[in-house]
$ cat my_file_13.pdb   # PDB, C-alpha atoms
ATOM      1  CA  MET A  10     -20.300  24.455  22.144
ATOM      2  CA  ILE A  11     -18.107  23.919  19.075
ATOM      3  CA  CYS A  12     -18.930  27.352  17.641
ATOM      4  CA  LEU A  13     -18.383  29.242  20.887
ATOM      5  CA  SER A  14     -15.149  27.391  21.591
ATOM      6  CA  GLY A  15     -13.950  28.077  18.055
ATOM      7  CA  VAL A  16     -14.525  31.824  18.322
ATOM      8  CA  THR A  17     -12.757  31.920  21.685
ATOM      9  CA  VAL A  18      -9.752  29.893  20.568
ATOM     10  CA  GLY A  19      -9.389  31.920  17.366
ATOM     11  CA  ALA A  20      -9.508  35.158  19.329
ATOM     12  CA  ILE A  21      -6.887  33.957  21.799
ATOM     13  CA  LEU A  22      -4.602  32.649  19.047
ATOM     14  CA  SER A  23      -4.881  35.917  17.148
ATOM     15  CA  PHE A  24      -4.079  37.982  20.229
ATOM     16  CA  LEU A  25      -1.073  35.859  21.176
ATOM     17  CA  GLY A  26       0.163  35.759  17.585
ATOM     18  CA  TYR A  27      -0.052  39.526  17.291
ATOM     19  CA  SER A  28       1.839  40.004  20.555
ATOM     20  CA  THR A  29       4.683  37.849  19.246
ATOM     21  CA  LEU A  30       4.765  39.090  15.651
ATOM     22  CA  SER A  31       4.666  42.762  16.643
ATOM     23  CA  ARG A  32       8.103  42.368  18.242
ATOM     24  CA  PHE A  33       9.540  41.674  14.790
ATOM     25  CA  GLY A  34       7.339  44.038  12.803
ATOM     26  CA  ALA A  35       5.576  41.101  11.096
ATOM     27  CA  GLU A  36       1.962  41.829  11.996
ATOM     28  CA  GLY A  37       1.003  41.209   8.362
ATOM     29  CA  SER A  38       1.673  37.488   8.854
ATOM     30  CA  LEU A  39      -0.973  37.178  11.569
ATOM     31  CA  GLY A  40      -3.428  35.500   9.171
ATOM     32  CA  ALA A  41      -0.863  32.832   8.327
ATOM     33  CA  VAL A  42      -0.175  32.104  11.988
ATOM     34  CA  VAL A  43      -3.859  31.819  12.800
ATOM     35  CA  GLY A  44      -4.644  29.760   9.695
ATOM     36  CA  ILE A  45      -1.840  27.222   9.984
ATOM     37  CA  GLY A  46      -2.263  26.805  13.732
ATOM     38  CA  LEU A  47      -5.991  26.188  13.464
ATOM     39  CA  VAL A  48      -6.096  24.013  10.365
ATOM     40  CA  ARG A  49      -3.142  21.796  11.158
ATOM     41  CA  GLU A  50      -3.449  21.365  14.905
ATOM     42  CA  LEU A  51      -5.914  23.214  17.075
ATOM     43  CA  GLY A  52      -9.006  22.683  14.932
ATOM     44  CA  PRO A  53      -9.111  18.884  14.766
ATOM     45  CA  LEU A  54      -7.423  18.371  18.150
ATOM     46  CA  LEU A  55      -9.697  20.580  20.235
ATOM     47  CA  THR A  56     -12.750  19.367  18.336
ATOM     48  CA  GLY A  57     -11.771  15.782  19.120
ATOM     49  CA  LEU A  58     -11.353  16.557  22.807
ATOM     50  CA  LEU A  59     -14.613  18.514  23.004
ATOM     51  CA  VAL A  60     -16.627  15.857  21.183
ATOM     52  CA  THR A  61     -15.089  13.136  23.323
ATOM     53  CA  GLY A  62     -16.039  14.925  26.504
ATOM     54  CA  ARG A  63     -19.575  15.655  25.345
ATOM     55  CA  ALA A  64     -20.714  13.002  22.856
ATOM     56  CA  GLY A  65     -18.244  10.223  23.678
ATOM     57  CA  SER A  66     -19.166  10.168  27.340
ATOM     58  CA  ALA A  67     -22.881  10.252  26.502
ATOM     59  CA  MET A  68     -22.440   7.395  24.031
ATOM     60  CA  ALA A  69     -20.600   5.260  26.569
ATOM     61  CA  ALA A  70     -23.175   5.999  29.268
ATOM     62  CA  GLU A  71     -26.083   5.139  26.965
ATOM     63  CA  ILE A  72     -24.596   1.832  25.849
ATOM     64  CA  ALA A  73     -23.524   0.965  29.394
ATOM     65  CA  SER A  74     -27.062   1.660  30.613
ATOM     66  CA  MET A  75     -28.433  -0.657  27.943
ATOM     67  CA  VAL A  76     -26.038  -3.373  29.096
ATOM     68  CA  THR A  77     -27.004  -2.810  32.738
ATOM     69  CA  THR A  78     -30.732  -2.979  32.041
ATOM     70  CA  GLU A  79     -30.233  -6.125  29.922
ATOM     71  CA  GLN A  80     -31.447  -4.497  26.717
ATOM     72  CA  PHE A  81     -28.579  -6.110  24.819
ATOM     73  CA  ASP A  82     -29.724  -9.512  26.088
ATOM     74  CA  GLY A  83     -33.226  -8.688  24.907
ATOM     75  CA  LEU A  84     -31.936  -7.897  21.425
ATOM     76  CA  ARG A  85     -30.047 -11.181  21.336
ATOM     77  CA  MET A  86     -33.216 -13.021  22.355
ATOM     78  CA  MET A  87     -34.880 -11.508  19.272
ATOM     79  CA  SER A  88     -31.955 -12.662  17.108
ATOM     80  CA  VAL A  89     -30.747  -9.090  16.658
ATOM     81  CA  ASP A  90     -27.022  -8.489  16.954
ATOM     82  CA  PRO A  91     -26.658  -5.512  19.337
ATOM     83  CA  ILE A  92     -23.225  -4.709  17.897
ATOM     84  CA  ASP A  93     -24.630  -4.214  14.399
ATOM     85  CA  PHE A  94     -27.864  -2.617  15.601
ATOM     86  CA  VAL A  95     -26.585  -0.261  18.307
ATOM     87  CA  VAL A  96     -22.800  -0.051  18.483
ATOM     88  CA  THR A  97     -21.684   0.166  14.849
ATOM     89  CA  PRO A  98     -24.035   3.018  13.821
ATOM     90  CA  LYS A  99     -22.900   5.112  16.794
ATOM     91  CA  ALA A 100     -19.211   4.544  16.073
ATOM     92  CA  MET A 101     -19.653   5.288  12.362
ATOM     93  CA  ALA A 102     -21.599   8.449  13.163
ATOM     94  CA  MET A 103     -18.703   9.664  15.280
ATOM     95  CA  VAL A 104     -16.268   9.084  12.407
ATOM     96  CA  LEU A 105     -18.463  10.884   9.874
ATOM     97  CA  VAL A 106     -19.407  13.849  12.052
ATOM     98  CA  MET A 107     -15.969  14.674  13.463
ATOM     99  CA  PRO A 108     -14.577  16.217  10.215
ATOM    100  CA  LEU A 109     -17.720  18.336   9.851
ATOM    101  CA  LEU A 110     -17.489  19.596  13.420
ATOM    102  CA  SER A 111     -13.778  20.251  12.971
ATOM    103  CA  ALA A 112     -14.474  22.342   9.871
ATOM    104  CA  LEU A 113     -17.164  24.256  11.765
ATOM    105  CA  PHE A 114     -14.755  24.874  14.625
ATOM    106  CA  ILE A 115     -12.090  26.190  12.236
ATOM    107  CA  VAL A 116     -14.503  28.520  10.422
ATOM    108  CA  PHE A 117     -15.701  30.098  13.655
ATOM    109  CA  ALA A 118     -12.114  30.279  14.920
ATOM    110  CA  PHE A 119     -11.172  32.203  11.766
ATOM    111  CA  PHE A 120     -14.027  34.567  12.544
ATOM    112  CA  GLY A 121     -12.825  35.069  16.117
ATOM    113  CA  GLY A 122      -9.259  35.583  14.941
ATOM    114  CA  TYR A 123     -10.386  38.120  12.360
ATOM    115  CA  LEU A 124     -12.415  40.067  14.903
ATOM    116  CA  VAL A 125      -9.514  40.359  17.321
ATOM    117  CA  GLY A 126      -6.779  40.869  14.737
ATOM    118  CA  VAL A 127      -8.573  43.339  12.485
ATOM    119  CA  GLU A 128     -11.245  45.010  14.567
ATOM    120  CA  LEU A 129      -9.455  45.097  17.928
ATOM    121  CA  LEU A 130      -5.727  45.160  17.143
ATOM    122  CA  GLY A 131      -5.886  47.145  13.908
ATOM    123  CA  VAL A 132      -4.350  44.712  11.403
ATOM    124  CA  ASP A 133      -5.405  45.470   7.836
ATOM    125  CA  GLY A 134      -8.309  43.184   6.883
ATOM    126  CA  GLY A 135      -7.091  42.537   3.351
ATOM    127  CA  THR A 136      -3.607  41.700   4.580
ATOM    128  CA  PHE A 137      -5.013  39.321   7.177
ATOM    129  CA  LEU A 138      -7.186  37.445   4.666
ATOM    130  CA  THR A 139      -4.476  37.337   1.986
ATOM    131  CA  SER A 140      -1.940  35.967   4.447
ATOM    132  CA  LEU A 141      -4.476  33.414   5.628
ATOM    133  CA  GLU A 142      -5.333  32.296   2.090
ATOM    134  CA  THR A 143      -1.789  32.020   0.759
ATOM    135  CA  SER A 144      -0.449  30.157   3.803
ATOM    136  CA  ILE A 145      -2.858  27.203   3.694
ATOM    137  CA  ASP A 146      -1.945  24.350   1.352
ATOM    138  CA  PHE A 147      -4.392  21.564   0.571
ATOM    139  CA  VAL A 148      -2.019  18.604   0.952
ATOM    140  CA  ASP A 149       0.013  19.877   3.896
ATOM    141  CA  ASP A 150      -2.804  21.530   5.809
ATOM    142  CA  VAL A 151      -6.360  20.649   4.750
ATOM    143  CA  ALA A 152      -5.710  16.968   4.047
ATOM    144  CA  GLN A 153      -3.791  16.657   7.309
ATOM    145  CA  SER A 154      -6.665  18.276   9.194
ATOM    146  CA  LEU A 155      -9.239  15.935   7.653
ATOM    147  CA  THR A 156      -7.077  12.883   8.325
ATOM    148  CA  LYS A 157      -6.690  13.854  11.956
ATOM    149  CA  ALA A 158     -10.403  14.543  12.364
ATOM    150  CA  VAL A 159     -11.381  11.161  10.918
ATOM    151  CA  SER A 160      -8.772   9.403  13.060
ATOM    152  CA  PHE A 161      -9.917  11.169  16.219
ATOM    153  CA  GLY A 162     -13.520  10.287  15.424
ATOM    154  CA  ALA A 163     -12.581   6.637  15.001
ATOM    155  CA  ILE A 164     -10.661   6.646  18.284
ATOM    156  CA  ALA A 165     -13.450   8.325  20.240
ATOM    157  CA  GLY A 166     -16.133   6.109  18.693
ATOM    158  CA  PHE A 167     -14.240   2.875  19.291
ATOM    159  CA  ILE A 168     -13.263   3.621  22.880
ATOM    160  CA  ALA A 169     -16.733   4.907  23.821
ATOM    161  CA  THR A 170     -18.538   1.899  22.372
ATOM    162  CA  TYR A 171     -15.975  -0.573  23.726
ATOM    163  CA  ARG A 172     -16.115   0.815  27.241
ATOM    164  CA  GLY A 173     -19.895   0.881  27.102
ATOM    165  CA  THR A 174     -20.313  -2.711  25.947
ATOM    166  CA  THR A 175     -17.710  -4.137  28.348
ATOM    167  CA  CYS A 176     -18.818  -2.325  31.502
ATOM    168  CA  GLU A 177     -19.982  -4.133  34.611
ATOM    169  CA  PRO A 178     -23.805  -4.226  34.733
ATOM    170  CA  THR A 179     -24.073  -1.943  37.760
ATOM    171  CA  ALA A 180     -24.547   1.753  38.384
ATOM    172  CA  ALA A 181     -20.893   2.003  39.366
ATOM    173  CA  GLY A 182     -19.973   0.233  36.124
ATOM    174  CA  VAL A 183     -21.845   2.827  34.071
ATOM    175  CA  SER A 184     -20.052   5.643  35.888
ATOM    176  CA  ALA A 185     -16.671   3.966  35.460
ATOM    177  CA  ALA A 186     -17.288   3.396  31.743
ATOM    178  CA  THR A 187     -18.193   7.051  31.217
ATOM    179  CA  THR A 188     -15.177   8.367  33.104
ATOM    180  CA  SER A 189     -12.683   5.991  31.513
ATOM    181  CA  THR A 190     -14.022   6.824  28.054
ATOM    182  CA  VAL A 191     -13.180  10.503  28.443
ATOM    183  CA  VAL A 192      -9.766   9.861  29.974
ATOM    184  CA  ASN A 193      -8.655   7.075  27.641
ATOM    185  CA  ALA A 194      -9.981   8.681  24.470
ATOM    186  CA  SER A 195      -8.456  12.077  25.311
ATOM    187  CA  VAL A 196      -5.022  10.584  25.914
ATOM    188  CA  ALA A 197      -5.281   8.413  22.797
ATOM    189  CA  ILE A 198      -6.248  11.436  20.685
ATOM    190  CA  LEU A 199      -3.271  13.427  21.955
ATOM    191  CA  ILE A 200      -0.891  10.555  21.201
ATOM    192  CA  CYS A 201      -2.439  10.038  17.761
ATOM    193  CA  ASP A 202      -2.137  13.752  17.029
ATOM    194  CA  PHE A 203       1.554  13.690  17.849
ATOM    195  CA  ALA A 204       2.133  10.598  15.698
ATOM    196  CA  LEU A 205       0.245  11.999  12.693
ATOM    197  CA  THR A 206       2.038  15.332  12.949
ATOM    198  CA  MET A 207       5.420  13.617  13.013
ATOM    199  CA  MET A 208       4.596  11.307  10.108
ATOM    200  CA  TRP A 209       3.157  14.145   8.011
ATOM    201  CA  GLY A 210       6.275  16.218   8.476
ATOM    202  CA  VAL A 211       8.659  13.439   7.411
TER
END

$ encode --input "my_file_13.pdb" --output "structure tokens"
Amino acid sequence: MICLSGVTVGAILSFLGYSTLSRFGAEGSLGAVVGIGLVRELGPLLTGLLVTGRAGSAMAAEIASMVTTEQFDGLRMMSVDPIDFVVTPKAMAMVLVMPLLSALFIVFAFFGGYLVGVELLGVDGGTFLTSLETSIDFVDDVAQSLTKAVSFGAIAGFIATYRGTTCEPTAAGVSAATTSTVVNASVAILICDFALTMMWGV
């Protein structure tokens, strides 16, 4: 899902960027537009939303089902803390995996952007890659992307595990926990993205 979405988003961004740049005769800067847009914003943001919708909802549903079927109570009866045994590893996994998935998304988006820009629209391949390489700075772009990915992973992991552990022990409670996880985490990620972008630019 991440790879296919990345190729599609990169292709769309390349096509739209070319349409705009061609009005000013600046098609050679297409690589820079694609690179900066993906690394700074679209890569980590869309990855966070996709992972929240797929893995975050599944995590919340699994934990909520364990609460409903009293598996957490069973762990406590065996003197096992369910937070340390179940919740914390899932939340930490989300934090660790999100930057990797974001990087994968960006790489495939570069590929999609290259295919559309070079193979379909006729931009010189060397110019595209040179523009892409020279436009990306480690501190302003890569570090910002990694920071956002880690933050989005922490948000998605915390909200999914919190909603799962605090759900009502009913079938309706499991459904409500899953739905609210996607909605709350998506909105929180968008707000966090705006805040990080503003702070990074100051």

$ resolve_selection --input "my_file_13.pdb" --expression "the PyMOL selection byres ((chain A and resi 145) around 12)" --output "list in words"
Gly40, Ala41, Val42, Val43, Gly44, Ile45, Gly46, Leu47, Val48, Arg49, Leu138, Thr139, Ser140, Leu141, Glu142, Thr143, Ser144, Asp146, Phe147, Val148, Asp149, Asp150, Val151, Ala152, Gln153 and Ser154 of chain A

$ closest_atom_pairs --input "my_file_13.pdb" --of "segment 122-154 of chain A" --to "segment 12-20 of chain A" --cutoff "9 Å" --atoms "all atoms listed in the file" --output "Markdown table"
| residue | atom | partner | partner_atom | distance |
| --- | --- | --- | --- | --- |
| A:Gly122 | CA | A:Gly19 | CA | 4.4 |
| A:Tyr123 | CA | A:Ala20 | CA | 7.6 |
| A:Leu124 | CA | A:Ala20 | CA | 7.2 |
| A:Val125 | CA | A:Ala20 | CA | 5.6 |
| A:Gly126 | CA | A:Ala20 | CA | 7.8 |

$ write_last_selection --input "my_file_13.pdb" --atoms "C-alpha atoms" --output "short mmCIF file (atom, residue, chain, number, x, y, z; two decimals), keeping the file's coordinate frame"
data_model
loop_
_atom_site.label_atom_id
_atom_site.label_comp_id
_atom_site.auth_asym_id
_atom_site.auth_seq_id
_atom_site.Cartn_x
_atom_site.Cartn_y
_atom_site.Cartn_z
CA GLY A 122 -9.26 35.58 14.94
CA TYR A 123 -10.39 38.12 12.36
CA LEU A 124 -12.42 40.07 14.90
CA VAL A 125 -9.51 40.36 17.32
CA GLY A 126 -6.78 40.87 14.74
#

$ closest_residue --input "my_file_13.pdb" --among "A:Leu110, A:Leu105, A:Ala194, A:Val127" --to "Val159 of chain A" --atoms "all atoms listed in the file"
A:Leu105

$ closest_residue --input "my_file_13.pdb" --among "A:Pro108, A:Gly62, A:Gly83, A:Gly121" --to "Thr190 of chain A" --atoms "all atoms listed in the file"
A:Gly62

$ atom_distance --input "my_file_13.pdb" --atom1 "atom CA of Tyr27 of chain A" --atom2 "atom CA of Leu59 of chain A"
26.2 Å

$ atom_distance --input "my_file_13.pdb" --atom1 "atom CA of Val96 of chain A" --atom2 "atom CA of Ala67 of chain A"
13.1 Å

$ closest_residue --input "my_file_13.pdb" --among "A:Asp82, A:Arg32, A:Gly65, A:Leu22" --to "Val192 of chain A" --atoms "all atoms listed in the file"
A:Gly65

$ atom_distance --input "my_file_13.pdb" --atom1 "atom CA of Met107 of chain A" --atom2 "atom CA of Ala158 of chain A"
5.7 Å

$ closest_residue --input "my_file_13.pdb" --among "A:Thr29, A:Thr78, A:Thr170, A:Ser160" --to "Pro98 of chain A" --atoms "only C-alpha atoms"
A:Thr170

$ closest_residue --input "my_file_13.pdb" --among "A:Val60, A:Ile92, A:Cys201, A:Ile168" --to "Ser111 of chain A" --atoms "only C-alpha atoms"
A:Val60

$ resolve_selection --input "my_file_13.pdb" --expression "the PyMOL selection byres ((chain A and resi 161) around 10)" --output "mmCIF file with C-alpha atoms, in the coordinates of the input"
data_model
loop_
_atom_site.group_PDB
_atom_site.id
_atom_site.type_symbol
_atom_site.label_atom_id
_atom_site.label_comp_id
_atom_site.auth_asym_id
_atom_site.auth_seq_id
_atom_site.Cartn_x
_atom_site.Cartn_y
_atom_site.Cartn_z
ATOM 1 C CA PRO A 53 -9.111 18.884 14.766
ATOM 2 C CA LEU A 54 -7.423 18.371 18.150
ATOM 3 C CA THR A 56 -12.750 19.367 18.336
ATOM 4 C CA GLY A 57 -11.771 15.782 19.120
ATOM 5 C CA LEU A 58 -11.353 16.557 22.807
ATOM 6 C CA VAL A 60 -16.627 15.857 21.183
ATOM 7 C CA THR A 61 -15.089 13.136 23.323
ATOM 8 C CA MET A 103 -18.703 9.664 15.280
ATOM 9 C CA VAL A 104 -16.268 9.084 12.407
ATOM 10 C CA MET A 107 -15.969 14.674 13.463
ATOM 11 C CA PRO A 108 -14.577 16.217 10.215
ATOM 12 C CA LEU A 155 -9.239 15.935 7.653
ATOM 13 C CA THR A 156 -7.077 12.883 8.325
ATOM 14 C CA LYS A 157 -6.690 13.854 11.956
ATOM 15 C CA ALA A 158 -10.403 14.543 12.364
ATOM 16 C CA VAL A 159 -11.381 11.161 10.918
ATOM 17 C CA SER A 160 -8.772 9.403 13.060
ATOM 18 C CA GLY A 162 -13.520 10.287 15.424
ATOM 19 C CA ALA A 163 -12.581 6.637 15.001
ATOM 20 C CA ILE A 164 -10.661 6.646 18.284
ATOM 21 C CA ALA A 165 -13.450 8.325 20.240
ATOM 22 C CA GLY A 166 -16.133 6.109 18.693
ATOM 23 C CA PHE A 167 -14.240 2.875 19.291
ATOM 24 C CA ALA A 194 -9.981 8.681 24.470
ATOM 25 C CA SER A 195 -8.456 12.077 25.311
ATOM 26 C CA ALA A 197 -5.281 8.413 22.797
ATOM 27 C CA ILE A 198 -6.248 11.436 20.685
ATOM 28 C CA LEU A 199 -3.271 13.427 21.955
ATOM 29 C CA CYS A 201 -2.439 10.038 17.761
ATOM 30 C CA ASP A 202 -2.137 13.752 17.029
#

$ resolve_selection --input "my_file_13.pdb" --expression "the PyMOL selection byres ((chain A and resi 173) around 6)" --output "number ranges by chain"
A: 69, 72-73, 170-172, 174-176, 186

$ closest_residue --input "my_file_13.pdb" --among "A:Val76, A:Leu25, A:Ile115, A:Lys99" --to "Leu55 of chain A" --atoms "all atoms listed in the file"
A:Ile115
